[in-house]
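A quick write-up on the structure given underneath.
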2 protein chains.
Amino acid sequence: MTDTHLQDYIERIAHLIRSETRIAGADFDLQPIQQSALHYLAHANRYSDTPQAVTEYFGLTKGTVSQTIKALEAKGLLERGADAQDGRKVHLKVTPAGKKLLKKTMPARTVTGVWADMDEGMRTDLLVHLKNLLQDLQRKNEMNAFGVCKTCRFNRKTGDNRFFCELTQEPLRPAETELLCREHETSTA
Amino acid sequence: MTDTHLQDYIERIAHLIRSETRIAGADFDLQPIQQSALHYLAHANRYSDTPQAVTEYFGLTKGTVSQTIKALEAKGLLERGADAQDGRKVHLKVTPAGKKLLKKTMPARTVTGVWADMDEGMRTDLLVHLKNLLQDLQRKNEMNAFGVCKTCRFNRKTGDNRFFCELTQEPLRPAETELLCREHETSTA
DNA sequence: TAATATAGTTTCGAATCGAAACTATATTAA
DNA sequence: TTAATATAGTTTCGATTCGAAACTATATTA
């Protein structure tokens, strides 16, 4: 057992999932990376719903991401919004049509099947391991890890169901704290 | 935690590894899938060193694989051989140049790094989980799982360091039993 | 001997992706 | 208050990936 096995397994699993995703999306003219990006954007908070964040999340280049977003927008699954403070930034909102589509395509069918067949212990173990692996790789590549407020060191609870972000110095609605943030830093508490 | 997380982690990890693999191979004009195929063929036994086997191993189509092989052959990293019994089959041998190259590119650098940072328990846990996941997906897709003789139900030990395959009815050299086989079926012993 | 199955190649077109050049807005330094 | 630099994003380009389908050739089965 060596480190090539790790790379090998990941690659083969990814190929299988990708090939399924391709089939699942074919009925809706949705490519794998388009589905993934749409899925991400449906779960990203207001600091993280930009092309730049998508770029970081998937480790792609900004040119590639720009193409993907253009395609999704043309299909009416995504809408572009301006940023009030920064004229360079673009905010991407998934349209109702986009959300409807996501329900049909994500996750891939056999992933759901395999998941359903696992017992609870196996599920959490697997996710914990994958998460650690991802974070280790991201750390080595000096990338942001992304995460939700609950586990973030910048998150402060200011009352019953009221939260405040110490980084952006803004209050957050409870629902927002469930979304992914590119500025997330694990709390060391 | 839901099944979308699983798909999500796998995809992001795969993207990172792939992007590194691309960089590692750039110096040698080797694409990610070319590296992977070459690596596989360097570890495949004589029943599994064919284009068809590569197709199954990575879950690609035969047309795609044919392209990849052509490219590797043109670069002198792979050589084509005929099958003595079946005129349709092609056997693919990695050349010394190919083996030399593999040592330099596989596995990707940060994968090696992350692996080195893990303790032994973590390593085996992670690999076991990934292997299970892969096999579950393969079972659901009615694909061959690939594996080495040691864990195969067709493998019979016929003496000191002597082995025999009950499926192909052929004796196997000890070194061969360490290679990957597309006909592998887990022994239920 | 004919029909079918399997192994592999070729051709085609769509999509992926990175690299590099480019525009526009922000931030920092002089 | 400019000028320089950094950041966000788009566009263009070309190489590669990939699947689908048509094709050739050999094996197997009827």
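The chains in the structure tokens are called A, B, ... from first to last as shown; in each chain the residues are counted from 1, and the ligands are counted from 1 in the order shown.
All residues within stretch 118-158 of chain A that the backbone DSSP calculation assigns to strand (DSSP E) are Asn155, Arg156, Lys157 and Thr158 of chain A.
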Could you save those same residues with N, CA, C and O atoms as a PDB file, in the first residue's frame?
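Result written to part-v6.pdb:
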```pdb
ATOM      1  N   ASN A 155     -17.146  33.517  13.799  1.00  0.00           N
ATOM      2  CA  ASN A 155     -18.569  33.541  14.105  1.00  0.00           C
ATOM      3  C   ASN A 155     -18.814  33.787  15.600  1.00  0.00           C
ATOM      4  O   ASN A 155     -18.236  33.128  16.447  1.00  0.00           O
ATOM      5  N   ARG A 156     -19.680  34.771  15.903  1.00  0.00           N
ATOM      6  CA  ARG A 156     -20.018  35.065  17.299  1.00  0.00           C
ATOM      7  C   ARG A 156     -21.521  35.037  17.464  1.00  0.00           C
ATOM      8  O   ARG A 156     -22.255  35.615  16.651  1.00  0.00           O
ATOM      9  N   LYS A 157     -21.964  34.335  18.466  1.00  0.00           N
ATOM     10  CA  LYS A 157     -23.396  34.260  18.736  1.00  0.00           C
ATOM     11  C   LYS A 157     -23.756  35.475  19.577  1.00  0.00           C
ATOM     12  O   LYS A 157     -23.176  35.715  20.624  1.00  0.00           O
ATOM     13  N   THR A 158     -24.696  36.281  19.108  1.00  0.00           N
ATOM     14  CA  THR A 158     -25.001  37.539  19.798  1.00  0.00           C
ATOM     15  C   THR A 158     -26.344  37.498  20.486  1.00  0.00           C
ATOM     16  O   THR A 158     -26.798  38.501  21.035  1.00  0.00           O
TER      17      THR A 158
END
```
Quiz item: Once you count only C-alpha atoms (C1' of nucleotides), which residues of chain C turn out to be within 10 Å of chain A? Could you give them as a PyMOL selection string?
Solution: chain C and resi 15-19+24-26
Exercise. May I ask which of the residues A:His43, A:Lys93, A:Ala74, A:Gln85 is the closest one to A:Leu180, counting only C-alpha atoms?
Key: A:His43
Self-check item: Interface list for chain A, partner chain B, 9 Å threshold, only C-alpha atoms, as an NGL selection string
Solution: :A and (1-19 or 36 or 40 or 57-60 or 106-108 or 110-116 or 122-127 or 129-131 or 133-134 or 136-138 or 140-141)
Practice problem: Identify every residue of chain D that has at least one atom within 8 Å of any atom of chain A, counting only C-alpha atoms (C1' of nucleotides), and report the result as a PyMOL selection string. | Solution: chain D and resi 8-10
Exercise. Could you please determine the separation between atom CA of B:Pro96 and atom CA of B:Gly76 in Å, to one decimal place?
Key: 9.3 Å
Self-check item: Sel. of helix (DSSP H, G or I) residues, stretch 16-189 of chain A, as a PyMOL selection string
Solution: chain A and resi 16-26+32-41+51-58+62-74+96-105+109-117+120-140+149-151+174-178
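The coordinates place atom C1' of D:DG19 at 13.7 Å from atom C1' of C:DT10.
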Quiz prompt | C:DA3 surroundings by only C-alpha atoms (C1' of nucleotides), 12 Å radius, close-in-sequence under 3 positions cut, as a VMD selection string | solution = chain D and resid 28 to 30
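The gap separating atom CA of A:Val54 from atom CA of A:Glu170 is 22.5 Å, in Å to one decimal.
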Self-check item: C:DC12, C:DA30, C:DA2, C:DA20 ranked by distance to D:DA3, top pick (using only C-alpha atoms (C1' of nucleotides))
Solution: C:DA30
